[in-house]
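K.L.:
Just entry-v6.pdb, nothing more (PDB, C-alpha atoms):
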```pdb
MODEL        1
ATOM      1  CA  MET A 229       0.947  23.661 -96.214
ATOM      2  CA  SER A 230      -0.623  24.190 -99.686
ATOM      3  CA  SER A 231      -1.657  21.248-101.852
ATOM      4  CA  LEU A 232       1.079  22.138-104.346
ATOM      5  CA  LYS A 233       3.783  22.077-101.648
ATOM      6  CA  LYS A 234       2.382  18.775-100.284
ATOM      7  CA  GLN A 235       2.652  17.273-103.787
ATOM      8  CA  ILE A 236       6.266  18.399-104.099
ATOM      9  CA  GLN A 237       7.110  16.893-100.692
ATOM     10  CA  LYS A 238       5.398  13.645-101.702
ATOM     11  CA  GLU A 239       7.458  13.484-104.910
ATOM     12  CA  LYS A 240      10.684  13.987-102.939
ATOM     13  CA  GLN A 241       9.745  11.195-100.506
ATOM     14  CA  GLN A 242       8.891   8.840-103.374
ATOM     15  CA  LEU A 243      12.245   9.545-105.028
ATOM     16  CA  ALA A 244      14.151   8.970-101.768
ATOM     17  CA  SER A 245      12.417   5.641-101.065
ATOM     18  CA  LEU A 246      12.510   4.263-104.624
ATOM     19  CA  GLN A 247      14.022   0.755-104.901
ATOM     20  CA  ALA A 248      14.639  -1.594-107.769
ATOM     21  CA  PRO A 249      12.132  -4.500-108.024
ATOM     22  CA  ASN A 250      13.103  -7.705-106.209
ATOM     23  CA  GLN A 251      13.044  -9.649-109.471
ATOM     24  CA  LEU A 252      15.777  -7.467-110.911
ATOM     25  CA  GLU A 253      18.269  -8.425-108.195
ATOM     26  CA  ASP A 254      17.454 -12.175-108.576
ATOM     27  CA  ARG A 255      17.784 -12.146-112.360
ATOM     28  CA  LEU A 256      21.076 -10.279-112.268
ATOM     29  CA  ARG A 257      22.465 -12.665-109.621
ATOM     30  CA  VAL A 258      21.530 -15.714-111.725
ATOM     31  CA  ALA A 259      23.040 -14.165-114.805
ATOM     32  CA  LEU A 260      26.281 -13.398-113.020
ATOM     33  CA  GLU A 261      26.529 -16.893-111.479
ATOM     34  CA  THR A 262      26.154 -18.626-114.836
ATOM     35  CA  LYS A 263      29.099 -16.743-116.289
ATOM     36  CA  ASP A 264      32.578 -18.189-116.180
ATOM     37  CA  ARG A 265      33.903 -17.488-112.681
ATOM     38  CA  LYS A 266      37.400 -17.235-114.135
ATOM     39  CA  LYS A 267      36.537 -14.034-115.948
ATOM     40  CA  SER A 268      38.954 -11.217-115.268
ATOM     41  CA  ASN A 269      38.358  -8.525-112.645
ATOM     42  CA  LYS A 270      37.739  -6.161-115.527
ATOM     43  CA  THR A 271      34.676  -8.192-116.561
ATOM     44  CA  LYS A 272      33.317  -8.064-113.003
ATOM     45  CA  VAL A 273      33.724  -4.308-112.974
ATOM     46  CA  ILE A 274      31.845  -4.036-116.261
ATOM     47  CA  TRP A 275      28.937  -6.100-114.858
ATOM     48  CA  LYS A 276      28.755  -3.951-111.736
ATOM     49  CA  PHE A 277      28.696  -0.869-113.937
ATOM     50  CA  ALA A 278      25.911  -2.403-116.040
ATOM     51  CA  VAL A 279      23.862  -3.119-112.911
ATOM     52  CA  ALA A 280      24.286   0.513-111.841
ATOM     53  CA  ILE A 281      23.125   1.733-115.242
ATOM     54  CA  ILE A 282      20.041  -0.530-115.193
ATOM     55  CA  PHE A 283      19.076   0.631-111.718
ATOM     56  CA  PHE A 284      19.588   4.282-112.588
ATOM     57  CA  SER A 285      17.537   3.868-115.784
ATOM     58  CA  ILE A 286      14.641   2.419-113.758
ATOM     59  CA  LEU A 287      14.953   5.274-111.283
ATOM     60  CA  ILE A 288      14.809   7.908-114.021
ATOM     61  CA  SER A 289      11.947   6.344-115.991
ATOM     62  CA  TYR A 290       9.846   5.640-112.885
ATOM     63  CA  ASN A 291      10.024   9.136-111.512
ATOM     64  CA  TYR A 292      10.823  11.231-114.597
ATOM     65  CA  GLN A 293       8.016  13.728-114.038
ATOM     66  CA  GLY A 294       9.085  14.313-110.473
ATOM     67  CA  LEU A 295      12.698  14.846-111.469
ATOM     68  CA  ALA A 296      11.815  17.203-114.290
ATOM     69  CA  TYR A 297       9.577  19.234-112.004
ATOM     70  CA  TYR A 298      12.422  20.579-109.893
ATOM     71  CA  GLY A 299      14.488  23.426-111.274
ATOM     72  CA  LYS A 300      16.678  25.924-109.456
ATOM     73  CA  LYS A 301      15.949  29.081-107.496
ATOM     74  CA  ILE A 302      16.717  32.288-109.384
ATOM     75  CA  ILE A 303      18.944  34.296-107.049
ATOM     76  CA  GLY A 304      18.649  38.017-106.299
ATOM     77  CA  PHE A 305      14.904  38.651-106.636
ATOM     78  CA  ASP A 306      13.634  38.106-103.091
ATOM     79  CA  ASN A 307      13.184  41.837-102.447
ATOM     80  CA  VAL A 308      11.919  42.936-105.867
ATOM     81  CA  ASP A 309       8.450  44.097-104.843
ATOM     82  CA  VAL A 310       6.975  44.191-108.365
ATOM     83  CA  ILE A 311       7.170  40.397-108.498
ATOM     84  CA  SER A 312       3.907  38.825-107.348
ATOM     85  CA  ASP A 313       3.614  36.595-104.293
ATOM     86  CA  THR A 314       2.743  33.707-106.625
ATOM     87  CA  LEU A 315       6.000  34.048-108.551
ATOM     88  CA  GLN A 316       7.989  34.532-105.353
ATOM     89  CA  ASP A 317       6.564  31.296-103.936
ATOM     90  CA  LEU A 318       7.285  29.363-107.136
ATOM     91  CA  ASN A 319      10.846  30.675-107.168
ATOM     92  CA  GLU A 320      11.335  29.669-103.520
ATOM     93  CA  MET A 321      10.254  26.134-104.457
ATOM     94  CA  GLY A 322      12.879  25.989-107.211
ATOM     95  CA  ASN A 323      10.597  26.121-110.236
ATOM     96  CA  GLY A 324      12.857  28.438-112.196
ATOM     97  CA  GLN A 325      15.837  27.814-114.447
ATOM     98  CA  SER A 326      19.010  29.737-113.631
ATOM     99  CA  ILE A 327      20.570  31.259-116.787
ATOM    100  CA  ASN A 328      22.942  34.134-115.875
ATOM    101  CA  GLU A 329      23.916  35.137-119.422
ATOM    102  CA  SER A 330      24.710  38.788-120.276
ATOM    103  CA  ILE A 331      25.106  41.103-123.267
ATOM    104  CA  THR A 332      26.365  44.695-123.489
ATOM    105  CA  LEU A 333      24.227  46.778-125.835
ATOM    106  CA  GLU A 334      25.349  49.707-128.025
ATOM    107  CA  ASN A 335      24.438  52.265-125.348
ATOM    108  CA  GLY A 336      26.857  50.661-122.867
ATOM    109  CA  ILE A 337      24.094  49.051-120.840
ATOM    110  CA  THR A 338      24.526  45.428-119.758
ATOM    111  CA  PHE A 339      21.419  43.242-119.932
ATOM    112  CA  THR A 340      21.565  39.989-117.948
ATOM    113  CA  VAL A 341      19.072  37.133-118.192
ATOM    114  CA  ASN A 342      19.194  35.771-114.637
ATOM    115  CA  GLY A 343      16.663  33.008-115.208
ATOM    116  CA  VAL A 344      13.355  31.912-116.665
ATOM    117  CA  MET A 345      10.183  30.283-115.360
ATOM    118  CA  VAL A 346       7.887  28.596-117.880
ATOM    119  CA  ASP A 347       4.423  27.038-117.989
ATOM    120  CA  ASP A 348       1.622  26.716-120.542
ATOM    121  CA  ASN A 349       0.569  30.362-120.146
ATOM    122  CA  GLN A 350       3.838  32.261-120.303
ATOM    123  CA  LEU A 351       7.578  32.445-120.008
ATOM    124  CA  ILE A 352       8.698  34.737-117.193
ATOM    125  CA  LEU A 353      12.159  36.166-117.853
ATOM    126  CA  TYR A 354      14.015  37.430-114.771
ATOM    127  CA  TYR A 355      16.525  40.131-115.729
ATOM    128  CA  THR A 356      19.005  42.676-114.411
ATOM    129  CA  VAL A 357      20.103  45.817-116.266
ATOM    130  CA  THR A 358      23.197  47.728-115.143
ATOM    131  CA  SER A 359      24.775  51.003-116.270
ATOM    132  CA  GLU A 360      28.122  52.435-115.131
ATOM    133  CA  SER A 361      26.778  55.884-116.035
ATOM    134  CA  SER A 362      23.843  55.583-113.590
ATOM    135  CA  ASN A 363      21.504  56.823-116.300
ATOM    136  CA  LEU A 364      18.794  54.166-116.381
ATOM    137  CA  ASP A 365      16.189  56.849-115.625
ATOM    138  CA  ASP A 366      16.930  58.482-118.995
ATOM    139  CA  ALA A 367      13.780  58.274-121.112
ATOM    140  CA  GLU A 368      15.903  58.223-124.284
ATOM    141  CA  LEU A 369      17.430  54.866-123.387
ATOM    142  CA  ASP A 370      15.638  51.792-124.693
ATOM    143  CA  TYR A 371      16.841  48.323-123.745
ATOM    144  CA  THR A 372      13.431  46.657-123.972
ATOM    145  CA  PRO A 373      13.371  43.067-125.292
ATOM    146  CA  ILE A 374      10.660  42.442-127.865
ATOM    147  CA  LYS A 375      10.696  38.705-128.540
ATOM    148  CA  LEU A 376      12.292  35.305-128.026
ATOM    149  CA  SER A 377      13.071  33.097-130.994
ATOM    150  CA  GLY A 378      14.118  29.458-131.184
ATOM    151  CA  PHE A 379      13.062  26.117-132.659
ATOM    152  CA  LEU A 380       9.457  26.638-133.853
ATOM    153  CA  THR A 381       9.363  29.625-131.484
ATOM    154  CA  ASN A 382       8.566  33.281-132.077
ATOM    155  CA  SER A 383       7.387  34.463-128.655
ATOM    156  CA  HIS A 384       6.501  38.131-128.292
ATOM    157  CA  MET A 385       6.870  40.115-125.095
ATOM    158  CA  ASN A 386       3.530  40.777-123.381
ATOM    159  CA  SER A 387       4.347  42.842-120.310
ATOM    160  CA  GLY A 388       7.031  43.767-117.835
ATOM    161  CA  ALA A 389       7.633  45.234-114.385
ATOM    162  CA  ALA A 390      10.833  46.346-112.636
ATOM    163  CA  ASN A 391      12.455  48.187-109.732
ATOM    164  CA  LEU A 392      15.161  50.848-110.260
ATOM    165  CA  ASN A 393      17.665  51.420-107.467
ATOM    166  CA  GLU A 394      18.292  54.841-105.902
ATOM    167  CA  ASP A 395      21.331  55.824-107.972
ATOM    168  CA  ASN A 396      19.719  54.695-111.253
ATOM    169  CA  SER A 397      22.516  52.205-111.952
ATOM    170  CA  THR A 398      20.642  48.902-111.597
ATOM    171  CA  GLU A 399      17.192  47.696-112.627
ATOM    172  CA  LYS A 400      15.736  44.324-111.677
ATOM    173  CA  GLY A 401      12.456  42.895-112.897
ATOM    174  CA  THR A 402      10.605  40.470-115.105
ATOM    175  CA  TYR A 403       9.204  40.325-118.612
ATOM    176  CA  SER A 404       6.408  38.015-119.708
ATOM    177  CA  PHE A 405       6.571  36.284-123.108
ATOM    178  CA  GLU A 406       4.390  33.792-124.914
ATOM    179  CA  PRO A 407       5.559  30.257-123.972
ATOM    180  CA  PRO A 408       8.186  28.731-126.283
ATOM    181  CA  ASN A 409       7.781  25.537-128.254
ATOM    182  CA  GLY A 410       8.186  22.396-126.158
ATOM    183  CA  PHE A 411      11.123  21.206-128.302
ATOM    184  CA  ALA A 412      13.143  24.440-128.152
ATOM    185  CA  LYS A 413      16.406  23.901-126.253
ATOM    186  CA  GLU A 414      17.978  27.248-127.074
ATOM    187  CA  LEU A 415      16.328  30.683-127.028
ATOM    188  CA  THR A 416      17.479  33.986-128.501
ATOM    189  CA  LEU A 417      16.432  37.324-126.995
ATOM    190  CA  HIS A 418      15.846  40.230-129.413
ATOM    191  CA  PHE A 419      15.761  43.901-128.418
ATOM    192  CA  GLN A 420      13.639  46.868-129.506
ATOM    193  CA  MET A 421      16.498  49.261-130.365
ATOM    194  CA  SER A 422      19.468  46.973-130.982
ATOM    195  CA  ASP A 423      20.583  44.515-133.618
ATOM    196  CA  LYS A 424      22.425  42.527-130.962
ATOM    197  CA  THR A 425      20.886  39.342-129.623
ATOM    198  CA  LEU A 426      21.476  37.137-126.576
ATOM    199  CA  THR A 427      21.255  33.361-126.981
ATOM    200  CA  PHE A 428      21.029  31.023-123.992
ATOM    201  CA  ASP A 429      20.352  27.349-123.270
ATOM    202  CA  TYR A 430      16.875  26.392-122.104
ATOM    203  CA  ASP A 431      15.498  23.095-120.767
ATOM    204  CA  PRO A 432      11.880  22.512-121.912
ATOM    205  CA  ASN A 433      11.582  19.551-119.501
ATOM    206  CA  LYS A 434      11.481  22.013-116.590
ATOM    207  CA  ALA A 435       8.379  23.806-117.865
ATOM    208  CA  MET A 436       5.513  23.442-115.387
ATOM    209  CA  GLY A 437       2.658  22.830-117.824
ATOM    210  CA  ALA A 438      -0.928  23.570-116.775
ATOM    211  CA  SER A 439      -3.211  22.392-113.974
ATOM    212  CA  LEU A 440      -6.420  23.065-115.920
ATOM    213  CA  LYS A 441      -7.201  23.397-119.629
ATOM    214  CA  GLN A 442     -10.903  23.516-120.320
ATOM    215  CA  ARG A 443     -13.302  24.820-122.908
ATOM    216  CA  ILE A 444     -15.975  27.166-121.582
ATOM    217  CA  ASP A 445     -18.120  27.953-124.641
ATOM    218  CA  GLN A 446     -20.643  30.082-122.778
ATOM    219  CA  ARG A 447     -22.034  33.542-123.550
ATOM    220  CA  MET A 448     -22.597  36.427-121.158
ATOM    221  CA  HIS A 449     -25.240  38.927-122.257
ATOM    222  CA  SER A 450     -25.557  42.629-121.472
ATOM    223  CA  ASP A 451     -27.699  45.539-122.683
ATOM    224  CA  ASN A 452     -25.034  46.573-125.202
ATOM    225  CA  GLY A 453     -23.719  43.284-126.507
ATOM    226  CA  TYR A 454     -22.280  39.971-125.421
ATOM    227  CA  VAL A 455     -19.069  38.235-124.400
ATOM    228  CA  ASP A 456     -18.248  34.706-125.549
ATOM    229  CA  PHE A 457     -15.955  32.892-123.125
ATOM    230  CA  LYS A 458     -14.101  30.226-125.089
ATOM    231  CA  MET A 459     -11.244  28.733-123.084
ATOM    232  CA  ILE A 460      -9.522  28.810-119.702
ATOM    233  CA  THR A 461      -5.933  27.746-119.034
ATOM    234  CA  ALA A 462      -4.823  27.671-115.408
ATOM    235  CA  SER A 463      -1.115  27.219-114.752
ATOM    236  CA  PRO A 464       1.193  27.741-111.757
ATOM    237  CA  THR A 465       2.016  31.343-112.779
ATOM    238  CA  ALA A 466      -1.345  32.631-114.059
ATOM    239  CA  THR A 467      -4.904  31.919-115.148
ATOM    240  CA  VAL A 468      -5.847  33.034-118.669
ATOM    241  CA  ILE A 469      -9.361  33.271-120.109
ATOM    242  CA  ARG A 470      -9.770  33.725-123.858
ATOM    243  CA  GLY A 471     -12.839  34.600-125.850
ATOM    244  CA  ALA A 472     -14.554  36.899-128.334
ATOM    245  CA  THR A 473     -16.732  39.998-128.083
ATOM    246  CA  THR A 474     -18.035  43.067-129.929
ATOM    247  CA  LYS A 475     -16.710  46.599-130.421
ATOM    248  CA  GLU A 476     -19.455  47.947-128.158
ATOM    249  CA  MET A 477     -18.198  45.857-125.250
ATOM    250  CA  ILE A 478     -14.599  46.872-125.944
ATOM    251  CA  ASP A 479     -15.612  50.549-125.839
ATOM    252  CA  GLN A 480     -17.162  50.005-122.390
ATOM    253  CA  ASN A 481     -13.826  48.880-120.870
ATOM    254  CA  LEU A 482     -15.155  45.358-120.741
ATOM    255  CA  PHE A 483     -12.102  43.745-119.136
ATOM    256  CA  ASP A 484     -12.069  45.856-115.991
ATOM    257  CA  LYS A 485     -15.581  44.643-115.193
ATOM    258  CA  ILE A 486     -15.008  40.897-115.466
ATOM    259  CA  GLU A 487     -14.229  38.940-112.312
ATOM    260  CA  LEU A 488     -12.913  35.413-111.783
ATOM    261  CA  VAL A 489     -14.127  33.978-108.484
ATOM    262  CA  ALA A 490     -12.578  30.819-106.991
ATOM    263  CA  ASP A 491     -14.377  29.315-103.984
ATOM    264  CA  GLY A 492     -15.906  32.714-103.208
ATOM    265  CA  ASN A 493     -12.619  34.656-103.527
ATOM    266  CA  LYS A 494     -11.938  37.111-106.339
ATOM    267  CA  LYS A 495      -8.665  36.483-108.125
ATOM    268  CA  GLU A 496      -6.524  39.524-108.856
ATOM    269  CA  GLN A 497      -6.622  40.615-112.484
ATOM    270  CA  MET A 498      -3.063  40.865-113.845
ATOM    271  CA  GLY A 499      -3.751  42.321-117.287
ATOM    272  CA  SER A 500      -5.743  41.993-120.499
ATOM    273  CA  GLY A 501      -5.613  42.585-124.221
ATOM    274  CA  TYR A 502      -7.617  42.291-127.414
ATOM    275  CA  SER A 503      -7.240  42.282-131.177
ATOM    276  CA  SER A 504      -9.592  42.437-134.139
ATOM    277  CA  LYS A 505     -10.463  39.283-136.074
ATOM    278  CA  TRP A 506     -10.401  39.198-139.869
ATOM    279  CA  THR A 507     -13.859  37.609-139.721
ATOM    280  CA  GLY A 508     -15.159  40.558-137.700
ATOM    281  CA  GLY A 509     -15.470  41.251-134.001
ATOM    282  CA  TYR A 510     -12.688  41.050-131.440
ATOM    283  CA  GLN A 511     -10.821  38.313-129.632
ATOM    284  CA  PHE A 512      -9.505  38.905-126.141
ATOM    285  CA  GLU A 513      -7.611  37.380-123.270
ATOM    286  CA  ILE A 514      -7.737  38.290-119.584
ATOM    287  CA  ARG A 515      -5.001  37.280-117.146
ATOM    288  CA  PHE A 516      -5.671  36.575-113.495
ATOM    289  CA  ASP A 517      -3.475  35.363-110.667
ATOM    290  CA  ALA A 518      -2.943  31.608-110.319
ATOM    291  CA  LEU A 519      -5.744  29.440-108.955
ATOM    292  CA  PRO A 520      -5.535  27.340-105.782
ATOM    293  CA  THR A 521      -4.612  23.768-106.660
ATOM    294  CA  ASP A 522      -7.671  22.425-104.828
ATOM    295  CA  VAL A 523     -10.335  24.825-106.164
ATOM    296  CA  SER A 524     -13.831  23.283-106.115
ATOM    297  CA  HIS A 525     -15.974  26.095-107.519
ATOM    298  CA  LEU A 526     -14.975  28.567-110.223
ATOM    299  CA  GLU A 527     -17.097  31.132-112.021
ATOM    300  CA  VAL A 528     -16.896  34.294-114.107
ATOM    301  CA  ARG A 529     -19.173  37.204-113.326
ATOM    302  CA  SER A 530     -19.505  40.914-114.113
ATOM    303  CA  ASP A 531     -21.505  43.922-113.035
ATOM    304  CA  VAL A 532     -22.538  44.489-116.670
ATOM    305  CA  SER A 533     -24.586  41.279-116.737
ATOM    306  CA  GLU A 534     -26.782  39.143-114.539
ATOM    307  CA  ASP A 535     -25.326  36.013-116.144
ATOM    308  CA  ARG A 536     -22.784  33.956-114.257
ATOM    309  CA  ILE A 537     -20.492  31.623-116.172
ATOM    310  CA  GLU A 538     -19.841  28.491-114.144
ATOM    311  CA  ILE A 539     -16.570  26.762-115.026
ATOM    312  CA  ILE A 540     -16.123  24.349-112.112
ATOM    313  CA  ALA A 541     -19.117  23.332-110.013
ATOM    314  CA  ASP A 542     -19.149  21.852-106.527
TER     315      ASP A 542
ENDMDL
END
```
Represent the structure contained in this file as structure tokens.

P.N.:
Amino acid sequence: MSSLKKQIQKEKQQLASLQAPNQLEDRLRVALETKDRKKSNKTKVIWKFAVAIIFFSILISYNYQGLAYYGKKIIGFDNVDVISDTLQDLNEMGNGQSINESITLENGITFTVNGVMVDDNQLILYYTVTSESSNLDDAELDYTPIKLSGFLTNSHMNSGAANLNEDNSTEKGTYSFEPPNGFAKELTLHFQMSDKTLTFDYDPNKAMGASLKQRIDQRMHSDNGYVDFKMITASPTATVIRGATTKEMIDQNLFDKIELVADGNKKEQMGSGYSSKWTGGYQFEIRFDALPTDVSHLEVRSDVSEDRIEIIAD
């Protein structure tokens, strides 16, 4: 059993065994006994209800993080092979939020948001597209979402992957967006080629956060330039490294040559991107698969440099 699964099991056991403090029962008993015993049955019912509220409030406040951690499995994506093993495992553990809201676009295609999974690195949107005309293989059709908006939120779509069924009538997959603001309770999905939007409720308390946020601030040298590694954010869905570099390193397909190694094992690279800075140079981010929860040694290395960037040491 992985450390993450052990932690979830531990939280469930703590919640099941939680009891109110002994002092609470004594104080409530004394308070009740000092009241006029000739009070009506209605008053007794009110006191019992108050006791229930107090106990439930203690239960919620004591184990709030554990309660917020559990979401709901997003149904219908077990056999979608473009979804990574990491995301499949997280979905099996109930870390998603079930949405199941749909919109029919101008081209007659129905786009359904089945659910979302959120942490500090990204929002994963699980979706299904259906067409009665079985024409989803038509290159002229465009039902791509481009962003999510909401309270202090303007999250752009980063990437996507999907499976199309044999008769071209149904597509299932995921899109990755920048994570929404932690206070957004409603999100609106915008599309590339449509003025229509789809708004759905969202619970920010079910976001999974991050297991590691750490500055790196180390430079890797090569014959043609350098790479500055600035920051790493490891979350349940992905590990993202951000930094800055030069045009020469960009031209050499820098990102394909950078490896993240956790306890001697290379993590799969999931994607990368870069943009120019107004001050000059380029900023980049590289996405890798999620880290083990009990990693003890983590480093970045590349075949373009003899330098090794140590992030976590034994």

K.L.:
Evaluating the PyMOL selection byres ((chain A and resi 317) around 12) on the displayed file yields which residues, as a ChimeraX atom specification?

P.N.:
/A:230,232-233,301-302,305-306,311-316,318-324,464-465,518

K.L.:
Taking all atoms listed in the file into account, which of A:Ile352, A:Asp365, A:Gln325, A:Ser533 comes nearest Asn393 of chain A?

P.N.:
A:Asp365

K.L.:
Mind pulling up the distance from atom CA of Asn335 of chain A to atom CA of Gln420 of chain A?

P.N.:
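Separation between atom CA of Gln420 of chain A and atom CA of Asn335 of chain A: 12.8 Å.
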
K.L.:
Got a sec to resolve the PyMOL selection byres ((chain A and resi 401-407) around 10) on this structure and send the residues as a count of residues only?

P.N.:
45

K.L.:
Report, in Å to a single decimal, how far apart atom CA of Lys300 of chain A and atom CA of Ile331 of chain A are.

P.N.:
22.2 Å

K.L.:
Give the answer as one residue: which of A:His525, A:Arg447, A:Lys458, A:Lys413 has the shortest atom-to-atom distance to Phe379 of chain A, using only C-alpha atoms?

P.N.:
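Looking only at the distances to Phe379 of chain A, the closest residue turns out to be A:Lys413.
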
K.L.:
What does the structure give for the distance between atom CA of Phe419 of chain A and atom CA of Ile327 of chain A, in Å to one decimal?

P.N.:
17.8 Å

K.L.:
Need to verify the contact set: Gln446 of chain A, 7 Å, all atoms listed in the file, exclusion of same-chain residues closer than 3 positions in sequence. Can you return it as a ChimeraX atom specification?

P.N.:
/A:456-458,537

K.L.:
Could you list, as an mmCIF file with C-alpha atoms, in the coordinates of the input, every residue within 12 Å of segment 485-496 of chain A, counting all atoms listed in the file and ignoring same-chain residues fewer than 5 positions away?

P.N.:
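around_2.cif was written with the following content:
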```
data_model
loop_
_atom_site.group_PDB
_atom_site.id
_atom_site.type_symbol
_atom_site.label_atom_id
_atom_site.label_comp_id
_atom_site.auth_asym_id
_atom_site.auth_seq_id
_atom_site.Cartn_x
_atom_site.Cartn_y
_atom_site.Cartn_z
ATOM 1 C CA SER A 312 3.907 38.825 -107.348
ATOM 2 C CA ASP A 313 3.614 36.595 -104.293
ATOM 3 C CA THR A 314 2.743 33.707 -106.625
ATOM 4 C CA MET A 448 -22.597 36.427 -121.158
ATOM 5 C CA SER A 450 -25.557 42.629 -121.472
ATOM 6 C CA VAL A 455 -19.069 38.235 -124.400
ATOM 7 C CA PHE A 457 -15.955 32.892 -123.125
ATOM 8 C CA ILE A 460 -9.522 28.810 -119.702
ATOM 9 C CA ALA A 462 -4.823 27.671 -115.408
ATOM 10 C CA ALA A 466 -1.345 32.631 -114.059
ATOM 11 C CA THR A 467 -4.904 31.919 -115.148
ATOM 12 C CA VAL A 468 -5.847 33.034 -118.669
ATOM 13 C CA ILE A 469 -9.361 33.271 -120.109
ATOM 14 C CA MET A 477 -18.198 45.857 -125.250
ATOM 15 C CA ILE A 478 -14.599 46.872 -125.944
ATOM 16 C CA GLN A 480 -17.162 50.005 -122.390
ATOM 17 C CA GLU A 513 -7.611 37.380 -123.270
ATOM 18 C CA ILE A 514 -7.737 38.290 -119.584
ATOM 19 C CA ARG A 515 -5.001 37.280 -117.146
ATOM 20 C CA PHE A 516 -5.671 36.575 -113.495
ATOM 21 C CA ASP A 517 -3.475 35.363 -110.667
ATOM 22 C CA ALA A 518 -2.943 31.608 -110.319
ATOM 23 C CA LEU A 519 -5.744 29.440 -108.955
ATOM 24 C CA PRO A 520 -5.535 27.340 -105.782
ATOM 25 C CA THR A 521 -4.612 23.768 -106.660
ATOM 26 C CA ASP A 522 -7.671 22.425 -104.828
ATOM 27 C CA VAL A 523 -10.335 24.825 -106.164
ATOM 28 C CA SER A 524 -13.831 23.283 -106.115
ATOM 29 C CA HIS A 525 -15.974 26.095 -107.519
ATOM 30 C CA LEU A 526 -14.975 28.567 -110.223
ATOM 31 C CA GLU A 527 -17.097 31.132 -112.021
ATOM 32 C CA VAL A 528 -16.896 34.294 -114.107
ATOM 33 C CA ARG A 529 -19.173 37.204 -113.326
ATOM 34 C CA SER A 530 -19.505 40.914 -114.113
ATOM 35 C CA ASP A 531 -21.505 43.922 -113.035
ATOM 36 C CA VAL A 532 -22.538 44.489 -116.670
ATOM 37 C CA SER A 533 -24.586 41.279 -116.737
ATOM 38 C CA GLU A 534 -26.782 39.143 -114.539
ATOM 39 C CA ASP A 535 -25.326 36.013 -116.144
ATOM 40 C CA ARG A 536 -22.784 33.956 -114.257
ATOM 41 C CA ILE A 537 -20.492 31.623 -116.172
ATOM 42 C CA GLU A 538 -19.841 28.491 -114.144
ATOM 43 C CA ILE A 539 -16.570 26.762 -115.026
ATOM 44 C CA ILE A 540 -16.123 24.349 -112.112
ATOM 45 C CA ALA A 541 -19.117 23.332 -110.013
ATOM 46 C CA ASP A 542 -19.149 21.852 -106.527
#
```

K.L.:
Of the candidates A:Ser330, A:Thr338, A:Asn363, A:Asn396, which one gets nearest to Thr416 of chain A if we count all atoms listed in the file?

P.N.:
A:Ser330

K.L.:
Can you work out which one of A:Gly336, A:Gly501, A:Gly437, A:Gly378 has the shortest atom-to-atom distance to Ala412 of chain A, counting all atoms listed in the file?

P.N.:
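Checking each of A:Gly336, A:Gly501, A:Gly437, A:Gly378 against Ala412 of chain A, counting all atoms listed in the file, the winner is A:Gly378.
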
K.L.:
Could you tell me which of A:Phe512, A:Ser361, A:Lys441, A:Gln497 comes closest to Lys475 of chain A if we count all atoms listed in the file?

P.N.:
A:Phe512
